[in-house]
>>> print(open('query-v9.cif').read())   # mmCIF, C-alpha atoms and all ligand atoms
data_model
loop_
_atom_site.label_atom_id
_atom_site.label_comp_id
_atom_site.auth_asym_id
_atom_site.auth_seq_id
_atom_site.Cartn_x
_atom_site.Cartn_y
_atom_site.Cartn_z
CA MET A 1 0.00 0.00 0.00
CA ALA A 2 1.20 3.54 -0.80
CA ARG A 3 2.47 5.51 2.15
CA THR A 4 0.28 8.52 2.98
CA ALA A 5 1.06 12.14 3.88
CA ILE A 6 -0.88 15.12 5.17
CA VAL A 7 0.44 18.57 4.25
CA ILE A 8 -0.99 21.52 6.18
CA GLY A 9 -1.01 24.69 4.07
CA ALA A 10 -1.26 25.19 0.31
CA GLY A 11 1.30 27.98 0.02
CA LEU A 12 4.45 27.77 -2.03
CA GLY A 13 6.07 25.39 0.49
CA GLY A 14 3.07 23.10 0.99
CA LEU A 15 2.32 22.73 -2.72
CA SER A 16 5.93 22.03 -3.66
CA ALA A 17 6.31 19.54 -0.78
CA ALA A 18 3.12 17.78 -1.90
CA ILE A 19 4.49 17.49 -5.46
CA ALA A 20 7.83 16.11 -4.20
CA LEU A 21 6.11 13.57 -1.90
CA THR A 22 3.78 12.45 -4.70
CA ARG A 23 6.82 11.99 -6.96
CA ILE A 24 8.42 9.53 -4.50
CA GLY A 25 5.21 7.50 -4.21
CA PHE A 26 3.26 9.00 -1.31
CA LYS A 27 -0.49 9.49 -1.51
CA VAL A 28 -0.77 13.13 -0.41
CA GLU A 29 -3.67 15.27 0.82
CA VAL A 30 -3.19 19.01 1.38
CA TYR A 31 -5.38 20.86 3.91
CA GLU A 32 -5.68 24.64 3.48
CA LYS A 33 -7.52 27.01 5.80
CA SER A 34 -8.61 29.47 3.08
CA GLN A 35 -11.96 28.83 1.43
CA GLU A 36 -10.55 29.71 -1.96
CA LEU A 37 -7.19 29.01 -3.54
CA LYS A 38 -6.50 32.63 -4.27
CA GLU A 39 -2.87 33.62 -3.85
CA VAL A 40 -2.53 37.26 -2.99
CA GLY A 41 0.89 38.74 -2.41
CA ALA A 42 1.76 40.46 -5.64
CA GLY A 43 5.00 39.20 -7.17
CA ILE A 44 7.89 37.02 -6.11
CA VAL A 45 11.44 36.68 -7.37
CA LEU A 46 12.76 33.16 -7.80
CA TYR A 47 16.56 33.02 -7.70
CA PRO A 48 18.79 30.34 -9.32
CA ASN A 49 18.45 27.91 -6.40
CA ALA A 50 14.64 28.03 -6.71
CA ILE A 51 14.87 27.67 -10.49
CA ASN A 52 16.78 24.40 -9.96
CA VAL A 53 13.93 23.20 -7.74
CA LEU A 54 11.32 24.12 -10.36
CA ARG A 55 13.23 21.99 -12.86
CA LYS A 56 13.30 19.03 -10.46
CA LEU A 57 9.55 19.42 -9.80
CA ASP A 58 8.95 19.62 -13.55
CA VAL A 59 7.23 23.03 -13.43
CA TYR A 60 10.04 25.19 -14.85
CA ASP A 61 8.44 25.57 -18.30
CA ALA A 62 5.06 26.61 -16.91
CA VAL A 63 6.64 29.16 -14.56
CA ALA A 64 9.07 30.51 -17.17
CA SER A 65 6.28 31.05 -19.69
CA ALA A 66 4.05 32.90 -17.18
CA GLY A 67 6.76 35.03 -15.55
CA SER A 68 9.56 37.25 -16.72
CA PHE A 69 13.29 36.50 -16.78
CA GLY A 70 15.23 39.00 -14.71
CA ARG A 71 18.35 39.58 -16.78
CA HIS A 72 19.39 43.09 -15.94
CA GLY A 73 19.55 44.72 -12.50
CA ARG A 74 20.26 48.29 -11.46
CA TYR A 75 20.92 49.63 -7.95
CA MET A 76 20.06 53.34 -7.61
CA THR A 77 19.75 56.12 -5.05
CA SER A 78 16.38 57.74 -4.40
CA THR A 79 17.48 60.70 -6.53
CA GLY A 80 18.04 58.43 -9.53
CA LYS A 81 21.84 58.09 -9.45
CA THR A 82 22.91 54.66 -10.69
CA LEU A 83 25.15 52.88 -8.20
CA VAL A 84 25.75 49.64 -10.07
CA GLU A 85 24.44 47.79 -13.13
CA MET A 86 24.38 44.01 -13.43
CA ASP A 87 23.72 41.90 -16.48
CA LEU A 88 23.17 38.21 -15.83
CA ARG A 89 23.93 37.50 -19.50
CA ASP A 90 27.57 38.31 -18.66
CA VAL A 91 27.74 35.34 -16.32
CA GLY A 92 25.52 32.94 -18.28
CA LEU A 93 22.67 33.02 -15.75
CA ASP A 94 20.09 34.91 -17.79
CA LYS A 95 17.54 32.07 -17.60
CA GLU A 96 18.11 31.52 -13.88
CA ALA A 97 16.05 34.25 -12.22
CA ILE A 98 12.31 34.63 -12.76
CA ALA A 99 9.95 37.26 -11.40
CA ILE A 100 6.34 36.12 -11.47
CA HIS A 101 2.92 36.99 -10.08
CA ARG A 102 2.31 34.70 -7.10
CA ALA A 103 -1.07 33.66 -8.49
CA ASP A 104 0.66 32.39 -11.66
CA LEU A 105 3.25 30.47 -9.63
CA GLN A 106 0.51 28.97 -7.50
CA HIS A 107 -1.45 28.03 -10.62
CA ALA A 108 1.58 26.19 -12.08
CA LEU A 109 2.10 24.23 -8.84
CA VAL A 110 -1.61 23.36 -8.46
CA GLU A 111 -1.75 22.16 -12.09
CA LYS A 112 1.21 19.87 -11.40
CA LEU A 113 -0.19 18.51 -8.14
CA GLY A 114 -3.86 18.26 -9.13
CA ALA A 115 -6.51 20.46 -7.52
CA ASP A 116 -8.34 17.35 -6.26
CA LYS A 117 -5.52 16.82 -3.70
CA ILE A 118 -6.27 20.14 -1.98
CA HIS A 119 -9.00 20.44 0.65
CA LEU A 120 -10.03 24.07 1.09
CA GLY A 121 -11.69 25.64 4.13
CA MET A 122 -9.87 23.17 6.42
CA PRO A 123 -7.93 25.06 9.13
CA LEU A 124 -5.93 22.61 11.24
CA SER A 125 -6.85 22.83 14.95
CA SER A 126 -4.44 20.25 16.37
CA PHE A 127 -2.71 16.95 15.60
CA GLU A 128 -1.81 13.76 17.44
CA ASP A 129 1.14 11.50 16.73
CA ASN A 130 0.69 7.89 17.77
CA GLY A 131 3.06 6.35 15.25
CA ARG A 132 0.60 7.51 12.62
CA VAL A 133 -0.66 11.07 12.66
CA THR A 134 -4.20 12.39 13.04
CA ALA A 135 -4.97 15.97 11.99
CA ARG A 136 -8.06 17.53 13.55
CA PHE A 137 -10.22 20.28 12.04
CA PRO A 138 -13.16 22.36 13.40
CA GLY A 139 -16.51 20.59 13.54
CA GLY A 140 -14.98 17.24 14.50
CA SER A 141 -13.59 16.21 11.11
CA PHE A 142 -10.16 14.58 11.00
CA ALA A 143 -7.70 12.87 8.68
CA SER A 144 -4.99 10.28 9.38
CA ALA A 145 -1.78 9.48 7.54
CA ASP A 146 1.76 8.12 7.92
CA LEU A 147 3.28 11.59 8.23
CA LEU A 148 2.39 15.27 8.64
CA VAL A 149 4.19 18.28 7.18
CA GLY A 150 3.41 21.65 8.79
CA ALA A 151 3.74 24.11 5.90
CA ASP A 152 1.28 26.55 7.45
CA GLY A 153 3.40 29.66 7.30
CA LEU A 154 4.54 32.38 9.68
CA HIS A 155 1.88 31.77 12.36
CA SER A 156 2.00 27.98 12.04
CA VAL A 157 -0.45 26.05 14.23
CA VAL A 158 1.70 22.94 13.78
CA ARG A 159 4.76 24.77 15.08
CA LYS A 160 2.78 26.25 17.97
CA GLN A 161 1.71 22.79 19.14
CA HIS A 162 5.17 21.26 18.59
CA LEU A 163 7.42 24.01 19.98
CA LYS A 164 5.18 26.30 22.04
CA ASP A 165 7.69 29.08 21.26
CA GLY A 166 5.32 32.02 20.98
CA GLU A 167 4.87 34.47 18.14
CA PRO A 168 7.52 35.52 15.57
CA GLN A 169 9.44 38.74 16.29
CA TYR A 170 8.61 42.01 14.53
CA ALA A 171 11.70 43.17 12.63
CA ASN A 172 11.10 46.94 13.03
CA CYS A 173 10.27 47.17 9.36
CA PHE A 174 7.14 46.99 7.23
CA ALA A 175 6.55 46.72 3.49
CA TRP A 176 3.97 47.67 0.88
CA ARG A 177 3.57 45.56 -2.22
CA GLY A 178 1.68 46.34 -5.38
CA VAL A 179 1.15 45.28 -8.98
CA CYS A 180 0.41 47.66 -11.85
CA GLU A 181 0.35 47.49 -15.64
CA GLY A 182 1.89 49.56 -18.40
CA THR A 183 5.19 50.77 -19.74
CA PHE A 184 7.32 53.01 -17.57
CA ASP A 185 10.38 55.10 -18.41
CA GLY A 186 13.39 53.72 -16.56
CA LEU A 187 12.01 50.19 -16.30
CA PRO A 188 12.76 48.28 -19.51
CA ASP A 189 11.62 44.70 -20.07
CA ASP A 190 13.61 42.02 -18.21
CA SER A 191 15.00 44.65 -15.83
CA GLY A 192 14.82 45.00 -12.09
CA LEU A 193 15.48 48.09 -9.98
CA LEU A 194 16.54 48.29 -6.34
CA ILE A 195 16.52 51.83 -4.96
CA PHE A 196 18.02 52.80 -1.62
CA GLY A 197 17.10 55.72 0.62
CA ALA A 198 17.53 56.50 4.31
CA GLY A 199 15.50 53.89 6.21
CA LEU A 200 13.62 53.19 3.00
CA GLN A 201 14.01 50.81 0.06
CA PHE A 202 12.02 50.35 -3.14
CA GLY A 203 12.18 47.56 -5.70
CA ALA A 204 10.41 47.07 -9.04
CA MET A 205 10.45 44.43 -11.76
CA ARG A 206 8.39 43.08 -14.60
CA ILE A 207 6.53 39.83 -13.80
CA GLY A 208 5.23 38.87 -17.24
CA GLN A 209 1.97 39.59 -19.08
CA GLY A 210 2.54 43.36 -19.06
CA LYS A 211 2.57 43.56 -15.27
CA VAL A 212 5.05 45.21 -12.91
CA TYR A 213 5.55 44.18 -9.28
CA TRP A 214 6.94 46.70 -6.82
CA PHE A 215 7.62 46.82 -3.11
CA GLY A 216 8.48 49.63 -0.73
CA ALA A 217 10.07 48.85 2.64
CA VAL A 218 10.08 51.24 5.59
CA ALA A 219 12.13 51.00 8.79
CA ASP A 220 9.63 51.71 11.58
CA LYS A 221 9.63 50.45 15.17
CA LYS A 222 5.82 50.66 15.44
CA GLY A 223 4.81 48.83 12.26
CA ALA A 224 2.51 49.89 9.44
CA GLN A 225 -0.39 50.66 11.84
CA GLY A 226 -3.15 51.05 9.30
CA ARG A 227 -1.06 52.82 6.65
CA THR A 228 -2.76 50.90 3.88
CA LYS A 229 -3.52 53.64 1.34
CA ILE A 230 -1.74 54.53 -1.89
CA SER A 231 -1.42 58.05 -0.42
CA ASP A 232 0.57 56.56 2.51
CA VAL A 233 3.01 55.02 0.03
CA LEU A 234 3.29 58.30 -1.87
CA GLU A 235 4.03 60.11 1.38
CA LYS A 236 7.24 58.06 1.67
CA PHE A 237 8.21 57.49 -1.97
CA GLY A 238 6.29 60.13 -3.96
CA ASN A 239 9.32 62.40 -4.45
CA TRP A 240 11.69 59.61 -5.49
CA ALA A 241 13.15 59.37 -8.99
CA THR A 242 11.28 58.08 -12.07
CA PRO A 243 9.67 55.55 -12.33
CA ILE A 244 8.81 55.15 -8.64
CA PRO A 245 5.95 57.67 -8.23
CA GLN A 246 4.59 56.61 -11.63
CA LEU A 247 4.45 52.94 -10.56
CA ILE A 248 2.72 53.78 -7.28
CA ASN A 249 0.18 56.04 -9.02
CA ALA A 250 -0.59 53.32 -11.59
CA THR A 251 -1.52 50.84 -8.81
CA GLU A 252 -5.15 50.19 -7.88
CA GLN A 253 -5.89 50.71 -4.19
CA GLU A 254 -7.40 47.17 -3.97
CA SER A 255 -4.18 45.53 -5.07
CA LEU A 256 -2.03 47.27 -2.42
CA LEU A 257 -0.79 44.93 0.32
CA THR A 258 0.73 46.00 3.63
CA HIS A 259 2.86 43.67 5.77
CA ASP A 260 4.74 44.07 9.00
CA LEU A 261 7.87 41.95 8.61
CA TYR A 262 8.83 39.18 11.01
CA ASP A 263 11.38 36.46 11.55
CA ARG A 264 12.44 34.07 14.31
CA LYS A 265 15.79 33.08 15.71
CA PRO A 266 16.69 29.78 14.03
CA THR A 267 15.69 26.66 15.94
CA PHE A 268 17.06 23.19 15.43
CA ASN A 269 13.93 21.37 16.56
CA TRP A 270 11.58 21.15 13.59
CA GLY A 271 9.98 17.83 14.23
CA LYS A 272 9.37 14.72 16.25
CA GLY A 273 8.12 11.27 15.34
CA VAL A 274 6.19 11.48 12.09
CA MET A 275 5.75 15.28 11.91
CA THR A 276 8.01 18.02 10.63
CA LEU A 277 7.91 21.69 9.62
CA LEU A 278 8.70 23.27 6.25
CA GLY A 279 9.00 26.78 4.76
CA ASP A 280 8.06 29.81 6.87
CA ALA A 281 6.65 27.53 9.58
CA ALA A 282 10.20 26.22 10.13
CA HIS A 283 12.44 29.20 9.29
CA PRO A 284 10.68 32.54 8.72
CA MET A 285 13.06 35.24 7.53
CA VAL A 286 12.79 38.90 6.55
CA PRO A 287 12.61 39.29 2.75
CA PHE A 288 15.82 41.26 2.22
CA MET A 289 17.54 38.46 0.30
CA GLY A 290 14.34 37.27 -1.41
CA GLN A 291 15.01 33.76 -0.10
CA GLY A 292 11.99 32.83 2.07
CA GLY A 293 10.07 31.23 -0.78
CA CYS A 294 13.22 29.91 -2.47
CA GLN A 295 14.20 28.12 0.76
CA ALA A 296 10.70 26.64 1.08
CA LEU A 297 11.15 25.25 -2.44
CA GLU A 298 14.56 23.79 -1.56
CA ASP A 299 13.00 22.20 1.56
CA SER A 300 10.52 20.31 -0.61
CA ILE A 301 13.25 18.56 -2.60
CA ALA A 302 15.26 17.74 0.52
CA LEU A 303 12.11 16.30 2.14
CA GLY A 304 11.32 14.04 -0.82
CA ALA A 305 14.92 12.91 -1.30
CA SER A 306 15.39 12.18 2.43
CA LEU A 307 12.22 10.10 2.69
CA LYS A 308 12.79 8.24 -0.57
CA GLU A 309 15.26 5.72 0.75
CA ALA A 310 14.93 6.12 4.51
CA PRO A 311 14.35 2.91 6.50
CA SER A 312 11.50 4.60 8.41
CA ILE A 313 9.49 7.81 8.18
CA PRO A 314 10.91 9.30 11.42
CA SER A 315 14.49 8.66 10.25
CA GLY A 316 13.72 10.22 6.84
CA LEU A 317 12.22 13.30 8.48
CA ARG A 318 15.24 13.73 10.80
CA ARG A 319 17.53 13.36 7.78
CA TYR A 320 15.57 16.11 5.99
CA GLU A 321 15.78 18.40 9.03
CA ASN A 322 19.52 17.80 9.38
CA LEU A 323 20.05 18.60 5.71
CA ARG A 324 18.20 21.89 5.95
CA LYS A 325 18.86 23.43 9.37
CA ALA A 326 22.27 25.03 8.86
CA ARG A 327 21.50 26.39 5.40
CA THR A 328 18.14 27.93 6.31
CA ALA A 329 19.56 29.34 9.59
CA SER A 330 22.29 31.07 7.61
CA PHE A 331 19.68 32.72 5.32
CA VAL A 332 17.61 33.83 8.36
CA ASN A 333 20.72 35.47 9.82
CA GLN A 334 22.03 36.92 6.54
CA SER A 335 18.59 38.35 5.72
CA ARG A 336 18.56 40.20 9.07
CA LYS A 337 22.06 41.54 8.41
CA SER A 338 21.11 42.62 4.92
CA MET A 339 18.02 44.40 6.31
CA ASN A 340 20.07 46.20 8.97
CA ALA A 341 22.67 47.33 6.42
CA SER A 342 20.26 48.43 3.72
CA MET A 343 17.54 49.99 5.89
CA THR A 344 19.74 52.23 8.03
CA SER A 345 18.64 55.85 8.51
CA ASN A 346 22.04 57.01 9.76
CA PRO A 347 23.23 59.57 7.15
CA ILE A 348 26.91 58.60 7.51
CA ILE A 349 26.18 54.90 7.02
CA VAL A 350 23.80 55.73 4.14
CA ALA A 351 26.58 57.69 2.37
CA ALA A 352 29.11 54.90 3.05
CA ARG A 353 26.67 52.25 1.77
CA ASP A 354 26.04 54.15 -1.47
CA LEU A 355 29.77 54.73 -1.95
CA VAL A 356 30.56 51.04 -1.42
CA PHE A 357 27.87 49.98 -3.93
CA SER A 358 29.19 52.43 -6.51
CA LYS A 359 32.71 50.98 -6.18
CA ILE A 360 31.87 47.27 -6.14
CA PRO A 361 32.38 45.67 -9.56
CA SER A 362 29.08 44.18 -10.74
CA ARG A 363 30.74 40.76 -11.10
CA VAL A 364 31.29 40.68 -7.35
CA LEU A 365 27.59 41.30 -6.70
CA MET A 366 26.66 38.69 -9.29
CA LYS A 367 28.81 36.11 -7.46
CA ASN A 368 25.83 35.68 -5.13
CA PHE A 369 23.82 34.35 -8.10
CA HIS A 370 26.56 31.82 -8.85
CA THR A 371 26.66 30.71 -5.23
CA LEU A 372 22.89 30.19 -5.22
CA ASN A 373 23.06 28.43 -8.57
CA SER A 374 25.75 26.01 -7.46
CA TYR A 375 23.90 24.70 -4.38
CA ASP A 376 23.79 20.96 -4.81
CA LEU A 377 20.23 19.70 -4.38
CA PRO A 378 19.61 15.98 -3.93
CA ASP A 379 17.68 14.04 -6.57
CA LEU A 380 14.06 12.91 -6.31
CA ASP A 381 14.29 10.22 -9.00
C1 LIG B 401 7.19 41.69 1.37
C2 LIG B 401 7.66 40.28 1.11
C3 LIG B 401 8.38 40.00 -0.06
C4 LIG B 401 8.88 38.71 -0.30
N1 LIG B 401 9.59 38.47 -1.42
C5 LIG B 401 10.10 37.24 -1.66
C6 LIG B 401 10.84 36.95 -2.85
O1 LIG B 401 11.00 37.81 -3.72
N2 LIG B 401 11.35 35.70 -3.02
C7 LIG B 401 11.16 34.72 -2.09
O2 LIG B 401 11.65 33.59 -2.27
N3 LIG B 401 10.44 34.95 -0.95
C8 LIG B 401 9.91 36.17 -0.73
N4 LIG B 401 9.17 36.41 0.40
C9 LIG B 401 8.98 35.29 1.37
C10 LIG B 401 7.89 34.34 0.91
O3 LIG B 401 6.70 35.03 0.66
C11 LIG B 401 7.62 33.26 1.98
O4 LIG B 401 8.83 32.78 2.50
C12 LIG B 401 6.84 32.09 1.37
O5 LIG B 401 5.58 32.54 0.94
C13 LIG B 401 6.69 30.99 2.41
O6 LIG B 401 5.88 29.97 1.86
P1 LIG B 401 5.13 28.96 2.85
O7 LIG B 401 4.39 28.03 1.96
O8 LIG B 401 6.08 28.42 3.85
O9 LIG B 401 4.12 29.88 3.68
P2 LIG B 401 2.84 30.67 3.15
O10 LIG B 401 3.06 31.17 1.78
O11 LIG B 401 2.51 31.68 4.22
O12 LIG B 401 1.70 29.58 3.07
C14 LIG B 401 1.13 29.03 4.24
C15 LIG B 401 -0.25 28.50 3.89
O13 LIG B 401 -0.78 27.83 5.03
C16 LIG B 401 -2.12 28.20 5.20
N5 LIG B 401 -2.46 28.00 6.63
C17 LIG B 401 -2.10 28.78 7.69
N6 LIG B 401 -2.57 28.25 8.82
C18 LIG B 401 -3.25 27.12 8.49
C19 LIG B 401 -3.98 26.15 9.24
N7 LIG B 401 -4.11 26.22 10.57
N8 LIG B 401 -4.54 25.10 8.57
C20 LIG B 401 -4.42 25.01 7.21
N9 LIG B 401 -3.77 25.92 6.45
C21 LIG B 401 -3.18 26.96 7.09
C22 LIG B 401 -2.17 29.65 4.74
O14 LIG B 401 -3.49 30.05 4.41
C23 LIG B 401 -1.24 29.60 3.54
O15 LIG B 401 -1.93 29.25 2.36
C24 LIG B 401 8.63 37.68 0.66
C25 LIG B 401 7.88 37.95 1.80
C26 LIG B 401 7.40 39.23 2.02
C27 LIG B 401 6.57 39.48 3.29
#
>>> encode(input="query-v9.cif", output="structure tokens")
Amino acid sequence: MARTAIVIGAGLGGLSAAIALTRIGFKVEVYEKSQELKEVGAGIVLYPNAINVLRKLDVYDAVASAGSFGRHGRYMTSTGKTLVEMDLRDVGLDKEAIAIHRADLQHALVEKLGADKIHLGMPLSSFEDNGRVTARFPGGSFASADLLVGADGLHSVVRKQHLKDGEPQYANCFAWRGVCEGTFDGLPDDSGLLIFGAGLQFGAMRIGQGKVYWFGAVADKKGAQGRTKISDVLEKFGNWATPIPQLINATEQESLLTHDLYDRKPTFNWGKGVMTLLGDAAHPMVPFMGQGGCQALEDSIALGASLKEAPSIPSGLRRYENLRKARTASFVNQSRKSMNASMTSNPIIVAARDLVFSKIPSRVLMKNFHTLNSYDLPDLD
């Protein structure tokens, strides 16, 4: 009989884990609390390590055709001065970074998995592990399987029950995200912009199908606190260089998202018995390296590969956790450092940061892409 798995959460991590587990022969059911499979969250950038995962999950073509290759990157100051230009064609990685609308990425993953494997409107209440696992939902319904993966995100119920380690920590920073359409001076096709100010950062890139995704991050100890209007974004970024105000003004109020940003100190206890954690539930990080989703994707391959030949499910899950802990902890820590360096309001550090960027050869900055690209993922087949 096929081994069975329950995945809690149909986000990027849960869907990719479900595909990987199906590939190695598990019968998988995904339980998602939302009533509708409607991914909000504007765009996402998938770096070379995530692209390698998409290839292994056999969804690269679908994602590449819906999204946009990021080939050219420019770092700028808020006044429009270019600090550095990068062209991934120079290092042969021009098909290895994709920016895509999250709904399109979700669609590609759901198509691969099969929508019939996803049970909507099913918020996990609790689980029990008696050698097999039982997941319990409101109204008395339950499901049992050989293993449970908690891929239920930042405020994971699975993590709460397993670790009882409280809420994630606010990172003294919040972000707006939006999507708009059109052509904009200063933002050519296949280009991405990262613009630095004092305690502020703005990014913009094309995500395919005529759409542009942008984000604006603000260092603020109190959080966004209801600043959810386009006018709030313009208050911070409205006098920045072209095309920033134009992008914000072209965004519909309904599509504006506001997030306080959180992470957690890395833990090395992700699971016990036949349960484990994956993605943001295991290792939430601030988005200043754009690696939260990419690491969730990497987790899915490591999970499948570790279980494939393990003598028992608990030993396979511990193998997966051991494979992933150090790498994900290093991204949690590096993301914090990157946030602290790039979001400083101190004028001396701001000037030093801009000077350093303007002096660094672009090849040095692009080394990061090579490092991500060369991460050796295990095989599922
Ligand atoms: C502003 C911002 C920008 C970002 N940019 C990038 C980027 O460019 N690149 C990148 O790689 N990452 C980026 N990230 C990080 C990325 O969004 C996350 O790391 C990624 O979405 C994590 O995926 P996940 O599946 O673990 O969690 P989630 O995407 O949060 O999915 C969790 C799912 O579980 C469901 N759920 C929750 N509780 C329950 C329950 N009790 N029962 C059942 N279901 C439940 C939720 O509804 C949700 O569908 C960014 C994050 C932010 C905030």
>>> residues_around(input="query-v9.cif", residues="stretch 287-289 of chain A", least_positions_apart="5", cutoff="7 Å", atoms="only C-alpha atoms", output="PyMOL selection string")
chain A and resi 335+338-339
>>> closest_atom_pairs(input="query-v9.cif", of="stretch 144-172 of chain A", to="stretch 219-225 of chain A", cutoff="12 Å", atoms="all atoms listed in the file", output="JSON lines")
{"residue": "A:Gln169", "atom": "CA", "partner": "A:Lys221", "partner_atom": "CA", "distance": 11.8}
{"residue": "A:Tyr170", "atom": "CA", "partner": "A:Gly223", "partner_atom": "CA", "distance": 8.1}
{"residue": "A:Ala171", "atom": "CA", "partner": "A:Lys221", "partner_atom": "CA", "distance": 8.0}
{"residue": "A:Asn172", "atom": "CA", "partner": "A:Lys221", "partner_atom": "CA", "distance": 4.4}
>>> residues_near_point(input="query-v9.cif", point="(21.7, 49.9, -11.8)", cutoff="9 Å", atoms="all atoms listed in the file", output="list in words")
His72, Gly73, Arg74, Tyr75, Met76, Lys81, Thr82, Leu83, Val84, Glu85, Met86, Gly192, Leu193, Leu194 and Ile195 of chain A
>>> closest_residue(input="query-v9.cif", among="A:Val63, A:Ile349, A:Leu120, A:Ile230", to="ligand LIG 401 (chain B)", atoms="all atoms listed in the file")
A:Leu120
>>> residues_around(input="query-v9.cif", residues="A:Phe127", least_positions_apart="4", cutoff="6 Å", atoms="only C-alpha atoms", output="list of chain:residue names")
A:Thr134, A:Ala135, A:Arg136
>>> closest_residue(input="query-v9.cif", among="A:Glu167, A:Asp185, A:Glu32, A:Asp129", to="ligand LIG 401 (chain B)", atoms="only C-alpha atoms and all ligand atoms")
A:Glu32
>>> atom_distance(input="query-v9.cif", atom1="atom O8 of ligand LIG 401 (chain B)", atom2="atom CA of A:Thr371")
22.6 Å
>>> closest_residue(input="query-v9.cif", among="A:Lys33, A:Lys38, A:Arg206, A:Arg132", to="A:Phe69", atoms="only C-alpha atoms")
A:Arg206
>>> closest_residue(input="query-v9.cif", among="A:Leu200, A:Val53, A:Val30, A:Ala341", to="A:Gly121", atoms="all atoms listed in the file")
A:Val30
>>> residues_around(input="query-v9.cif", residues="stretch 366-370 of chain A", least_positions_apart="4", cutoff="7 Å", atoms="only C-alpha atoms", output="list in words")
Pro48, Ser362 and Ser374 of chain A
>>> closest_residue(input="query-v9.cif", among="A:Gly150, A:Gly131, A:Gly199, A:Gly292", to="ligand LIG 401 (chain B)", atoms="all atoms listed in the file")
A:Gly292
>>> decode(input="query-v9.cif", residues="stretch 253-271 of chain A", atoms="C-alpha atoms", output="PDB file, in the first residue's frame")
ATOM      1  CA  GLN A 253      -5.887  50.705  -4.187  1.00  0.00           C
ATOM      2  CA  GLU A 254      -7.403  47.171  -3.973  1.00  0.00           C
ATOM      3  CA  SER A 255      -4.178  45.534  -5.067  1.00  0.00           C
ATOM      4  CA  LEU A 256      -2.034  47.269  -2.419  1.00  0.00           C
ATOM      5  CA  LEU A 257      -0.787  44.934   0.319  1.00  0.00           C
ATOM      6  CA  THR A 258       0.729  45.998   3.632  1.00  0.00           C
ATOM      7  CA  HIS A 259       2.860  43.674   5.770  1.00  0.00           C
ATOM      8  CA  ASP A 260       4.736  44.065   8.998  1.00  0.00           C
ATOM      9  CA  LEU A 261       7.873  41.946   8.605  1.00  0.00           C
ATOM     10  CA  TYR A 262       8.835  39.177  11.008  1.00  0.00           C
ATOM     11  CA  ASP A 263      11.381  36.461  11.546  1.00  0.00           C
ATOM     12  CA  ARG A 264      12.437  34.074  14.306  1.00  0.00           C
ATOM     13  CA  LYS A 265      15.792  33.079  15.715  1.00  0.00           C
ATOM     14  CA  PRO A 266      16.692  29.778  14.031  1.00  0.00           C
ATOM     15  CA  THR A 267      15.694  26.659  15.942  1.00  0.00           C
ATOM     16  CA  PHE A 268      17.060  23.185  15.432  1.00  0.00           C
ATOM     17  CA  ASN A 269      13.929  21.374  16.557  1.00  0.00           C
ATOM     18  CA  TRP A 270      11.579  21.154  13.589  1.00  0.00           C
ATOM     19  CA  GLY A 271       9.979  17.832  14.229  1.00  0.00           C
TER      20      GLY A 271
END
